[in-house]
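Structure, as structure tokens:
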Amino acid sequence: MVVTVITIILVIVMSMSYLYDYETTGPEKKIGNIITMFQEPFVKASNGLSRGISGIFTFRRILIENEALKEEVAGLKKEIINTKLNRNDFELMKQLEDALNYISPENSGSHITADAIAKDGSNWFNTFTINAGNNQGIAENAVVINGDGLVGKIYEIGDNWSKIVSIVDDSNSVSFKILRDTKYIGIVSGNGSGGLNGYLLDPDADVLVGDEIITSGLGMFPEGISIGTVKEVVKDENKLLKTVSVEPYVYFKNIDKVLVINY
Amino acid sequence: MNYLTVFIVFFLNFILQTTLFHFFEIFGVIPNTTLVLVIIISFLYEEYYGVVYGVLFGLVQDIFFGQIIGVAAFVYFTAGLIIYEMKRYIYKDTLFTPAIITFLGVTYYHLAYWVFMSFFNTDFGFFYMIKTIYLIEIFYDMAVAIFIYKLLISRFHSYSYYR
């Protein structure tokens, strides 16, 4: 009897949450708030500890890396000077833009940095929670990136936490363009096996294995976030489509710090 | 063991599983200790600890990480019940027992979870799941299960001895 009741309740909960996507209810928020309170100090302490310990064992590698980084800094400094020169030109153009009343598509969204606090324990999805939510000003469907590229988007928001679904698990698509030649655009979405599959809108598009793809700015993701590299290109003669499979840059199993862009 | 003690065990386990256990990943897979606890505790105790907290912490897991709420709760619930009903036919005093029931429980969990996920329109590749999650997790879970079983059964014996 009790078993039947619980089963019916759970089935109702499942269908409700399937039908009403993206809505965080009151009790969900409460439970989330309490548990994140416990998780956060834990993950901070253990992260600090593991960094300290690995620092001891990898100091030789760090020395070598330090040398390489110094060289890179020297190179980057030169680049900065060049960029500054370019920027002066750009500012002139901007002034012209204002004079002509041109509305820029570039939306100056606010950026919030956050730490990943808890990761899915059941291995199925690359879902995780971060330590920022409503109180930090995170909006629904905000875009999440890290140093490597596009991670995913905010799925649910609590007071001090929010849940992130990665692009490889999300059934929604990301529109992309090819960095080498930005006139070719297409759509990718998670293929259910840890990668991305998609197609190009133009069947004759010139795309090669190894091409880097970035978000196109169409749809919900802002322009210019790197997604990954093209791993395979297949021309489907029947559907008149060029399909691509893409390997994302982000290693979803090991995400530490993320940047949330309210777009 | 009473309901409060088991609650604390499950709660601590959830905190550890989502934070600290990720340092012990093997090929990106960690043991699903919540599932192991549900299986072992439903098997060992007369009360419905495993089933009750399976539902509760399944819901918590879904709130945090699931795209559809209630799937993990339902699977933990049924897994706990099946093991609970099965236990009177199984001999308890060998370490094969936790390995075998964990094997059955984890297999059931992944199959049921996959069925639900396909039902709710999430196309998760079946063979990809078997290859990258199930085949690694099952051994990891069995090892953890034997460890927890040993820990609990030693308590069990001393407890019934002194009564």
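Residue names in the structure tokens use chain letters A, B, ... in the order shown, residue numbers from 1 in each chain, and ligand numbers from 1 in the order shown.
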Per residue of chain A within 6 Å of chain B, record the nearest atom pair and its distance in Å to one decimal, counting only C-alpha atoms, with rows in chain order and ascending residue number, as JSON lines.
{"residue": "A:Leu10", "atom": "CA", "partner": "B:Gly70", "partner_atom": "CA", "distance": 5.6}
{"residue": "A:Met14", "atom": "CA", "partner": "B:Gly70", "partner_atom": "CA", "distance": 5.1}
{"residue": "A:Ser17", "atom": "CA", "partner": "B:Ile68", "partner_atom": "CA", "distance": 5.6}
{"residue": "A:Tyr18", "atom": "CA", "partner": "B:Ile68", "partner_atom": "CA", "distance": 5.8}
{"residue": "A:Gln39", "atom": "CA", "partner": "B:Ile15", "partner_atom": "CA", "distance": 5.8}
{"residue": "A:Val43", "atom": "CA", "partner": "B:Thr19", "partner_atom": "CA", "distance": 5.6}
{"residue": "A:Ala118", "atom": "CA", "partner": "B:Thr18", "partner_atom": "CA", "distance": 4.9}
{"residue": "A:Lys119", "atom": "CA", "partner": "B:Thr18", "partner_atom": "CA", "distance": 5.1}
{"residue": "A:Asp120", "atom": "CA", "partner": "B:Phe65", "partner_atom": "CA", "distance": 5.8}
{"residue": "A:Gly121", "atom": "CA", "partner": "B:Thr18", "partner_atom": "CA", "distance": 5.4}
{"residue": "A:Ser122", "atom": "CA", "partner": "B:Asn32", "partner_atom": "CA", "distance": 5.4}
{"residue": "A:Asn123", "atom": "CA", "partner": "B:Val29", "partner_atom": "CA", "distance": 5.9}
{"residue": "A:Thr127", "atom": "CA", "partner": "B:Phe65", "partner_atom": "CA", "distance": 5.4}
{"residue": "A:Gly192", "atom": "CA", "partner": "B:Phe124", "partner_atom": "CA", "distance": 4.2}
{"residue": "A:Ser193", "atom": "CA", "partner": "B:Tyr128", "partner_atom": "CA", "distance": 5.7}
List the spatial neighbours of region 144-158 of chain A as a PDB file with all heavy atoms, in the first residue's frame - criterion: any atom at most 7 Å away, only C-alpha atoms, same-chain residues fewer than 4 positions off excluded.
ATOM      1  N   TYR A  22      13.084  24.048 -15.897  1.00  0.00           N
ATOM      2  CA  TYR A  22      13.732  25.302 -15.499  1.00  0.00           C
ATOM      3  C   TYR A  22      13.064  26.019 -14.335  1.00  0.00           C
ATOM      4  O   TYR A  22      13.297  27.194 -14.135  1.00  0.00           O
ATOM      5  CB  TYR A  22      13.781  26.301 -16.675  1.00  0.00           C
ATOM      6  CG  TYR A  22      14.566  25.817 -17.835  1.00  0.00           C
ATOM      7  CD1 TYR A  22      13.960  25.636 -19.062  1.00  0.00           C
ATOM      8  CD2 TYR A  22      15.903  25.529 -17.690  1.00  0.00           C
ATOM      9  CE1 TYR A  22      14.684  25.191 -20.136  1.00  0.00           C
ATOM     10  CE2 TYR A  22      16.638  25.080 -18.770  1.00  0.00           C
ATOM     11  CZ  TYR A  22      16.022  24.914 -19.998  1.00  0.00           C
ATOM     12  OH  TYR A  22      16.738  24.483 -21.048  1.00  0.00           O
ATOM     13  N   GLU A  23      12.210  25.360 -13.588  1.00  0.00           N
ATOM     14  CA  GLU A  23      11.601  26.068 -12.476  1.00  0.00           C
ATOM     15  C   GLU A  23      12.093  25.479 -11.166  1.00  0.00           C
ATOM     16  O   GLU A  23      11.951  24.292 -10.919  1.00  0.00           O
ATOM     17  CB  GLU A  23      10.077  25.979 -12.554  1.00  0.00           C
ATOM     18  CG  GLU A  23       9.512  27.080 -13.421  1.00  0.00           C
ATOM     19  CD  GLU A  23       8.039  26.904 -13.692  1.00  0.00           C
ATOM     20  OE1 GLU A  23       7.325  26.515 -12.765  1.00  0.00           O
ATOM     21  OE2 GLU A  23       7.638  27.133 -14.842  1.00  0.00           O
ATOM     22  N   THR A  24      12.673  26.314 -10.337  1.00  0.00           N
ATOM     23  CA  THR A  24      13.132  25.853  -9.040  1.00  0.00           C
ATOM     24  C   THR A  24      12.048  26.155  -8.021  1.00  0.00           C
ATOM     25  O   THR A  24      11.678  27.303  -7.830  1.00  0.00           O
ATOM     26  CB  THR A  24      14.425  26.573  -8.643  1.00  0.00           C
ATOM     27  OG1 THR A  24      15.227  26.709  -9.806  1.00  0.00           O
ATOM     28  CG2 THR A  24      15.166  25.806  -7.595  1.00  0.00           C
ATOM     29  N   LYS A  29      14.810  24.778  -3.204  1.00  0.00           N
ATOM     30  CA  LYS A  29      15.767  25.816  -2.823  1.00  0.00           C
ATOM     31  C   LYS A  29      16.229  25.619  -1.384  1.00  0.00           C
ATOM     32  O   LYS A  29      17.411  25.720  -1.096  1.00  0.00           O
ATOM     33  CB  LYS A  29      15.117  27.194  -2.955  1.00  0.00           C
ATOM     34  CG  LYS A  29      15.308  27.799  -4.310  1.00  0.00           C
ATOM     35  CD  LYS A  29      14.872  29.245  -4.290  1.00  0.00           C
ATOM     36  CE  LYS A  29      14.877  29.795  -5.697  1.00  0.00           C
ATOM     37  NZ  LYS A  29      14.222  31.090  -5.770  1.00  0.00           N
ATOM     38  N   GLY A  32      18.554  22.687  -1.103  1.00  0.00           N
ATOM     39  CA  GLY A  32      19.813  23.056  -1.729  1.00  0.00           C
ATOM     40  C   GLY A  32      20.634  23.980  -0.854  1.00  0.00           C
ATOM     41  O   GLY A  32      21.840  23.791  -0.691  1.00  0.00           O
ATOM     42  N   GLY A 133      24.380  32.199  -6.810  1.00  0.00           N
ATOM     43  CA  GLY A 133      22.982  32.028  -7.197  1.00  0.00           C
ATOM     44  C   GLY A 133      22.279  33.359  -7.295  1.00  0.00           C
ATOM     45  O   GLY A 133      22.887  34.360  -7.671  1.00  0.00           O
ATOM     46  N   ASN A 134      21.014  33.347  -6.929  1.00  0.00           N
ATOM     47  CA  ASN A 134      20.197  34.558  -6.991  1.00  0.00           C
ATOM     48  C   ASN A 134      20.851  35.743  -6.292  1.00  0.00           C
ATOM     49  O   ASN A 134      20.854  36.850  -6.809  1.00  0.00           O
ATOM     50  CB  ASN A 134      18.857  34.296  -6.300  1.00  0.00           C
ATOM     51  CG  ASN A 134      17.806  33.899  -7.311  1.00  0.00           C
ATOM     52  OD1 ASN A 134      17.928  34.236  -8.483  1.00  0.00           O
ATOM     53  ND2 ASN A 134      16.813  33.177  -6.876  1.00  0.00           N
ATOM     54  N   GLU A 140      18.590  33.350 -15.067  1.00  0.00           N
ATOM     55  CA  GLU A 140      18.277  32.068 -15.681  1.00  0.00           C
ATOM     56  C   GLU A 140      18.874  32.009 -17.089  1.00  0.00           C
ATOM     57  O   GLU A 140      18.948  33.017 -17.787  1.00  0.00           O
ATOM     58  CB  GLU A 140      16.763  31.907 -15.752  1.00  0.00           C
ATOM     59  CG  GLU A 140      16.344  30.495 -15.426  1.00  0.00           C
ATOM     60  CD  GLU A 140      14.954  30.471 -14.840  1.00  0.00           C
ATOM     61  OE1 GLU A 140      14.021  30.370 -15.620  1.00  0.00           O
ATOM     62  OE2 GLU A 140      14.829  30.575 -13.604  1.00  0.00           O
ATOM     63  N   SER A 162      23.749  27.347  -7.835  1.00  0.00           N
ATOM     64  CA  SER A 162      22.986  27.061  -9.037  1.00  0.00           C
ATOM     65  C   SER A 162      23.531  25.812  -9.708  1.00  0.00           C
ATOM     66  O   SER A 162      24.675  25.420  -9.492  1.00  0.00           O
ATOM     67  CB  SER A 162      22.958  28.232 -10.004  1.00  0.00           C
ATOM     68  OG  SER A 162      24.080  29.027  -9.868  1.00  0.00           O
ATOM     69  N   LYS A 163      22.680  25.216 -10.495  1.00  0.00           N
ATOM     70  CA  LYS A 163      22.984  23.931 -11.125  1.00  0.00           C
ATOM     71  C   LYS A 163      23.330  24.178 -12.581  1.00  0.00           C
ATOM     72  O   LYS A 163      22.639  24.925 -13.264  1.00  0.00           O
ATOM     73  CB  LYS A 163      21.728  23.080 -11.013  1.00  0.00           C
ATOM     74  CG  LYS A 163      21.773  21.734 -11.614  1.00  0.00           C
ATOM     75  CD  LYS A 163      20.728  20.871 -10.941  1.00  0.00           C
ATOM     76  CE  LYS A 163      19.623  20.461 -11.864  1.00  0.00           C
ATOM     77  NZ  LYS A 163      18.513  19.841 -11.162  1.00  0.00           N
ATOM     78  N   ILE A 164      24.422  23.543 -13.026  1.00  0.00           N
ATOM     79  CA  ILE A 164      24.878  23.760 -14.395  1.00  0.00           C
ATOM     80  C   ILE A 164      24.796  22.466 -15.177  1.00  0.00           C
ATOM     81  O   ILE A 164      25.219  21.418 -14.706  1.00  0.00           O
ATOM     82  CB  ILE A 164      26.321  24.292 -14.397  1.00  0.00           C
ATOM     83  CG1 ILE A 164      26.334  25.687 -13.820  1.00  0.00           C
ATOM     84  CG2 ILE A 164      26.899  24.294 -15.794  1.00  0.00           C
ATOM     85  CD1 ILE A 164      27.685  26.197 -13.518  1.00  0.00           C
ATOM     86  N   VAL A 165      24.230  22.541 -16.379  1.00  0.00           N
ATOM     87  CA  VAL A 165      24.196  21.388 -17.276  1.00  0.00           C
ATOM     88  C   VAL A 165      25.177  21.664 -18.404  1.00  0.00           C
ATOM     89  O   VAL A 165      25.147  22.722 -19.019  1.00  0.00           O
ATOM     90  CB  VAL A 165      22.777  21.178 -17.822  1.00  0.00           C
ATOM     91  CG1 VAL A 165      22.769  20.065 -18.835  1.00  0.00           C
ATOM     92  CG2 VAL A 165      21.833  20.844 -16.691  1.00  0.00           C
ATOM     93  N   SER A 166      26.082  20.712 -18.642  1.00  0.00           N
ATOM     94  CA  SER A 166      27.110  20.937 -19.647  1.00  0.00           C
ATOM     95  C   SER A 166      26.523  20.802 -21.057  1.00  0.00           C
ATOM     96  O   SER A 166      25.462  20.212 -21.243  1.00  0.00           O
ATOM     97  CB  SER A 166      28.233  19.932 -19.461  1.00  0.00           C
ATOM     98  OG  SER A 166      27.731  18.653 -19.713  1.00  0.00           O
ATOM     99  N   ILE A 167      27.252  21.334 -22.048  1.00  0.00           N
ATOM    100  CA  ILE A 167      26.733  21.296 -23.422  1.00  0.00           C
ATOM    101  C   ILE A 167      26.620  19.878 -23.949  1.00  0.00           C
ATOM    102  O   ILE A 167      25.783  19.605 -24.784  1.00  0.00           O
ATOM    103  CB  ILE A 167      27.572  22.150 -24.409  1.00  0.00           C
ATOM    104  CG1 ILE A 167      29.071  22.006 -24.140  1.00  0.00           C
ATOM    105  CG2 ILE A 167      27.136  23.583 -24.401  1.00  0.00           C
ATOM    106  CD1 ILE A 167      29.920  22.598 -25.223  1.00  0.00           C
ATOM    107  N   ILE A 225      32.819  32.356 -28.181  1.00  0.00           N
ATOM    108  CA  ILE A 225      33.329  31.452 -27.155  1.00  0.00           C
ATOM    109  C   ILE A 225      33.767  30.176 -27.859  1.00  0.00           C
ATOM    110  O   ILE A 225      33.017  29.604 -28.646  1.00  0.00           O
ATOM    111  CB  ILE A 225      32.236  31.120 -26.127  1.00  0.00           C
ATOM    112  CG1 ILE A 225      31.686  32.394 -25.500  1.00  0.00           C
ATOM    113  CG2 ILE A 225      32.769  30.195 -25.051  1.00  0.00           C
ATOM    114  CD1 ILE A 225      30.442  32.174 -24.701  1.00  0.00           C
ATOM    115  N   SER A 226      34.991  29.719 -27.570  1.00  0.00           N
ATOM    116  CA  SER A 226      35.437  28.530 -28.291  1.00  0.00           C
ATOM    117  C   SER A 226      34.727  27.286 -27.768  1.00  0.00           C
ATOM    118  O   SER A 226      34.492  27.140 -26.570  1.00  0.00           O
ATOM    119  CB  SER A 226      36.952  28.370 -28.218  1.00  0.00           C
ATOM    120  OG  SER A 226      37.391  28.597 -26.919  1.00  0.00           O
ATOM    121  N   ILE A 227      34.377  26.398 -28.666  1.00  0.00           N
ATOM    122  CA  ILE A 227      33.638  25.183 -28.310  1.00  0.00           C
ATOM    123  C   ILE A 227      34.551  23.966 -28.387  1.00  0.00           C
ATOM    124  O   ILE A 227      34.669  23.209 -27.438  1.00  0.00           O
ATOM    125  CB  ILE A 227      32.420  24.979 -29.243  1.00  0.00           C
ATOM    126  CG1 ILE A 227      31.495  26.188 -29.210  1.00  0.00           C
ATOM    127  CG2 ILE A 227      31.674  23.721 -28.860  1.00  0.00           C
ATOM    128  CD1 ILE A 227      30.410  26.162 -30.256  1.00  0.00           C
ATOM    129  N   TYR A 249      36.608  21.401 -26.065  1.00  0.00           N
ATOM    130  CA  TYR A 249      37.882  21.721 -25.416  1.00  0.00           C
ATOM    131  C   TYR A 249      37.853  21.435 -23.926  1.00  0.00           C
ATOM    132  O   TYR A 249      38.855  21.092 -23.322  1.00  0.00           O
ATOM    133  CB  TYR A 249      38.188  23.207 -25.593  1.00  0.00           C
ATOM    134  CG  TYR A 249      38.730  23.574 -26.938  1.00  0.00           C
ATOM    135  CD1 TYR A 249      38.211  24.632 -27.659  1.00  0.00           C
ATOM    136  CD2 TYR A 249      39.779  22.846 -27.472  1.00  0.00           C
ATOM    137  CE1 TYR A 249      38.708  24.960 -28.899  1.00  0.00           C
ATOM    138  CE2 TYR A 249      40.285  23.168 -28.707  1.00  0.00           C
ATOM    139  CZ  TYR A 249      39.744  24.227 -29.423  1.00  0.00           C
ATOM    140  OH  TYR A 249      40.250  24.545 -30.637  1.00  0.00           O
ATOM    141  N   VAL A 250      36.682  21.623 -23.339  1.00  0.00           N
ATOM    142  CA  VAL A 250      36.579  21.534 -21.891  1.00  0.00           C
ATOM    143  C   VAL A 250      36.570  20.073 -21.464  1.00  0.00           C
ATOM    144  O   VAL A 250      35.886  19.257 -22.055  1.00  0.00           O
ATOM    145  CB  VAL A 250      35.287  22.225 -21.413  1.00  0.00           C
ATOM    146  CG1 VAL A 250      35.133  22.104 -19.917  1.00  0.00           C
ATOM    147  CG2 VAL A 250      35.274  23.666 -21.834  1.00  0.00           C
ATOM    148  N   LYS A 257      36.986  26.307 -11.535  1.00  0.00           N
ATOM    149  CA  LYS A 257      36.492  27.683 -11.518  1.00  0.00           C
ATOM    150  C   LYS A 257      35.756  27.958 -12.833  1.00  0.00           C
ATOM    151  O   LYS A 257      36.190  27.506 -13.893  1.00  0.00           O
ATOM    152  CB  LYS A 257      37.676  28.638 -11.419  1.00  0.00           C
ATOM    153  CG  LYS A 257      38.094  28.926  -9.997  1.00  0.00           C
ATOM    154  CD  LYS A 257      38.750  30.278  -9.922  1.00  0.00           C
ATOM    155  CE  LYS A 257      39.333  30.571  -8.551  1.00  0.00           C
ATOM    156  NZ  LYS A 257      38.463  30.297  -7.438  1.00  0.00           N
ATOM    157  N   VAL A 258      34.659  28.674 -12.730  1.00  0.00           N
ATOM    158  CA  VAL A 258      33.918  29.002 -13.944  1.00  0.00           C
ATOM    159  C   VAL A 258      33.563  30.475 -13.941  1.00  0.00           C
ATOM    160  O   VAL A 258      33.615  31.160 -12.913  1.00  0.00           O
ATOM    161  CB  VAL A 258      32.620  28.178 -14.080  1.00  0.00           C
ATOM    162  CG1 VAL A 258      32.921  26.728 -14.328  1.00  0.00           C
ATOM    163  CG2 VAL A 258      31.715  28.366 -12.895  1.00  0.00           C
ATOM    164  N   LEU A 259      33.217  30.963 -15.114  1.00  0.00           N
ATOM    165  CA  LEU A 259      32.786  32.343 -15.296  1.00  0.00           C
ATOM    166  C   LEU A 259      31.352  32.289 -15.825  1.00  0.00           C
ATOM    167  O   LEU A 259      31.080  31.604 -16.798  1.00  0.00           O
ATOM    168  CB  LEU A 259      33.707  33.025 -16.300  1.00  0.00           C
ATOM    169  CG  LEU A 259      33.545  34.513 -16.483  1.00  0.00           C
ATOM    170  CD1 LEU A 259      34.056  35.249 -15.278  1.00  0.00           C
ATOM    171  CD2 LEU A 259      34.301  34.966 -17.708  1.00  0.00           C
ATOM    172  N   VAL A 260      30.453  33.000 -15.139  1.00  0.00           N
ATOM    173  CA  VAL A 260      29.055  33.014 -15.583  1.00  0.00           C
ATOM    174  C   VAL A 260      28.777  34.343 -16.255  1.00  0.00           C
ATOM    175  O   VAL A 260      29.090  35.404 -15.704  1.00  0.00           O
ATOM    176  CB  VAL A 260      28.104  32.818 -14.393  1.00  0.00           C
ATOM    177  CG1 VAL A 260      26.679  32.749 -14.860  1.00  0.00           C
ATOM    178  CG2 VAL A 260      28.477  31.578 -13.617  1.00  0.00           C
ATOM    179  N   ILE A 261      28.229  34.291 -17.457  1.00  0.00           N
ATOM    180  CA  ILE A 261      27.916  35.517 -18.190  1.00  0.00           C
ATOM    181  C   ILE A 261      26.416  35.637 -18.288  1.00  0.00           C
ATOM    182  O   ILE A 261      25.749  34.787 -18.874  1.00  0.00           O
ATOM    183  CB  ILE A 261      28.520  35.477 -19.618  1.00  0.00           C
ATOM    184  CG1 ILE A 261      30.022  35.215 -19.535  1.00  0.00           C
ATOM    185  CG2 ILE A 261      28.246  36.784 -20.317  1.00  0.00           C
ATOM    186  CD1 ILE A 261      30.624  34.966 -20.883  1.00  0.00           C
TER     187      ILE A 261
END
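For the pair CA of Phe38 (chain A) and CA of Tyr109 (chain B), the separation is 27.3 Å.
Among the candidates B:Leu95, B:Ile136, B:Val75, B:Val6, the residue lying nearest to Tyr53 (chain B) is B:Val6 (atoms considered: only C-alpha atoms).
Residues lying within 7 Å of region 146-149 of chain B, counting only C-alpha atoms and ignoring same-chain neighbours fewer than 2 positions away, are Ile40, Leu95, Pro98, Ala99, Met142, Ala143, Val144, Leu151, Leu152 and Ile153 of chain B.
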Can I get the selection written as an mmCIF file, in the first residue's frame, with C-alpha atoms?
data_model
loop_
_atom_site.group_PDB
_atom_site.id
_atom_site.type_symbol
_atom_site.label_atom_id
_atom_site.label_comp_id
_atom_site.auth_asym_id
_atom_site.auth_seq_id
_atom_site.Cartn_x
_atom_site.Cartn_y
_atom_site.Cartn_z
ATOM 1 C CA ILE B 40 23.812 -3.012 2.014
ATOM 2 C CA LEU B 95 31.857 -11.739 1.735
ATOM 3 C CA PRO B 98 27.728 -8.108 -0.601
ATOM 4 C CA ALA B 99 29.574 -8.510 -3.905
ATOM 5 C CA MET B 142 31.654 -4.010 -5.309
ATOM 6 C CA ALA B 143 34.936 -3.206 -3.586
ATOM 7 C CA VAL B 144 33.311 -0.405 -1.594
ATOM 8 C CA LEU B 151 32.366 -2.636 8.812
ATOM 9 C CA LEU B 152 28.652 -3.015 9.472
ATOM 10 C CA ILE B 153 28.593 -6.742 10.111
#
Could you pull out the strand (DSSP E) residues of region 12-260 of chain A from DSSP and send them as a VMD selection string? chain A and resid 111 to 119 128 to 130 143 to 145 150 to 157 162 to 166 174 to 178 185 to 190 196 to 200 212 to 215 226 to 236 241 to 248 257 to 260
Within 12 Å of Ile214 (chain A), counting only C-alpha atoms, which residues qualify if same-chain residues fewer than 4 places away don't, as a PyMOL selection string? chain A and resi 148-150+174-188+218+221-230+246+248-249
Using N, CA and C atoms, can you export the residues from the last selection as a short mmCIF file (atom, residue, chain, number, x, y, z; two decimals), in the first residue's frame?
data_model
loop_
_atom_site.label_atom_id
_atom_site.label_comp_id
_atom_site.auth_asym_id
_atom_site.auth_seq_id
_atom_site.Cartn_x
_atom_site.Cartn_y
_atom_site.Cartn_z
N ASP A 148 39.00 27.04 -20.78
CA ASP A 148 39.15 26.28 -22.02
C ASP A 148 38.09 26.62 -23.06
N GLY A 149 36.91 26.99 -22.59
CA GLY A 149 35.86 27.29 -23.55
C GLY A 149 34.49 27.17 -22.94
N LEU A 150 33.52 26.87 -23.80
CA LEU A 150 32.13 26.82 -23.38
C LEU A 150 31.86 25.59 -22.51
N VAL A 174 23.66 24.29 -29.84
CA VAL A 174 24.51 25.48 -29.84
C VAL A 174 24.81 25.81 -31.29
N SER A 175 24.62 27.05 -31.67
CA SER A 175 24.95 27.39 -33.05
C SER A 175 26.41 27.86 -33.10
N PHE A 176 27.12 27.40 -34.11
CA PHE A 176 28.56 27.68 -34.15
C PHE A 176 28.96 28.24 -35.51
N LYS A 177 30.15 28.80 -35.55
CA LYS A 177 30.77 29.10 -36.83
C LYS A 177 32.22 28.66 -36.79
N ILE A 178 32.79 28.53 -37.97
CA ILE A 178 34.16 28.05 -38.05
C ILE A 178 35.10 29.24 -37.95
N LEU A 179 36.08 29.13 -37.06
CA LEU A 179 36.94 30.27 -36.78
C LEU A 179 37.77 30.66 -37.99
N ARG A 180 38.20 29.65 -38.77
CA ARG A 180 39.06 29.92 -39.92
C ARG A 180 38.32 30.75 -40.98
N ASP A 181 37.03 30.46 -41.11
CA ASP A 181 36.24 31.16 -42.11
C ASP A 181 34.84 31.35 -41.53
N THR A 182 34.61 32.53 -40.93
CA THR A 182 33.42 32.68 -40.09
C THR A 182 32.13 32.78 -40.87
N LYS A 183 32.16 32.64 -42.19
CA LYS A 183 30.88 32.73 -42.89
C LYS A 183 30.14 31.40 -42.88
N TYR A 184 30.80 30.33 -42.49
CA TYR A 184 30.11 29.03 -42.42
C TYR A 184 29.56 28.81 -41.03
N ILE A 185 28.25 28.65 -40.94
CA ILE A 185 27.65 28.42 -39.63
C ILE A 185 26.91 27.09 -39.59
N GLY A 186 26.69 26.61 -38.38
CA GLY A 186 26.01 25.33 -38.22
C GLY A 186 25.51 25.17 -36.80
N ILE A 187 25.05 23.96 -36.51
CA ILE A 187 24.45 23.70 -35.19
C ILE A 187 25.02 22.40 -34.64
N VAL A 188 25.40 22.40 -33.36
CA VAL A 188 25.81 21.16 -32.70
C VAL A 188 24.99 20.95 -31.44
N LEU A 218 24.21 33.52 -32.70
CA LEU A 218 22.79 33.28 -32.94
C LEU A 218 22.28 32.43 -31.79
N PHE A 221 23.65 31.70 -26.90
CA PHE A 221 25.03 31.87 -26.47
C PHE A 221 25.65 33.09 -27.15
N PRO A 222 26.38 33.92 -26.38
CA PRO A 222 27.02 35.07 -27.00
C PRO A 222 28.13 34.66 -27.95
N GLU A 223 28.53 35.59 -28.82
CA GLU A 223 29.46 35.26 -29.88
C GLU A 223 30.89 35.09 -29.36
N GLY A 224 31.63 34.20 -30.00
CA GLY A 224 33.07 34.16 -29.82
C GLY A 224 33.59 33.31 -28.68
N ILE A 225 32.82 32.36 -28.18
CA ILE A 225 33.33 31.45 -27.16
C ILE A 225 33.77 30.18 -27.86
N SER A 226 34.99 29.72 -27.57
CA SER A 226 35.44 28.53 -28.29
C SER A 226 34.73 27.29 -27.77
N ILE A 227 34.38 26.40 -28.67
CA ILE A 227 33.64 25.18 -28.31
C ILE A 227 34.55 23.97 -28.39
N GLY A 228 35.19 23.77 -29.53
CA GLY A 228 36.05 22.60 -29.67
C GLY A 228 36.62 22.50 -31.07
N THR A 229 37.19 21.33 -31.38
CA THR A 229 37.74 21.13 -32.72
C THR A 229 36.94 20.06 -33.46
N VAL A 230 36.90 20.20 -34.76
CA VAL A 230 36.17 19.23 -35.60
C VAL A 230 36.98 17.94 -35.66
N VAL A 246 32.32 16.89 -33.13
CA VAL A 246 33.21 17.88 -32.53
C VAL A 246 33.67 17.40 -31.18
N PRO A 248 34.84 18.66 -27.68
CA PRO A 248 34.89 19.91 -26.91
C PRO A 248 36.24 20.12 -26.24
N TYR A 249 36.61 21.40 -26.06
CA TYR A 249 37.88 21.72 -25.42
C TYR A 249 37.85 21.43 -23.93
#
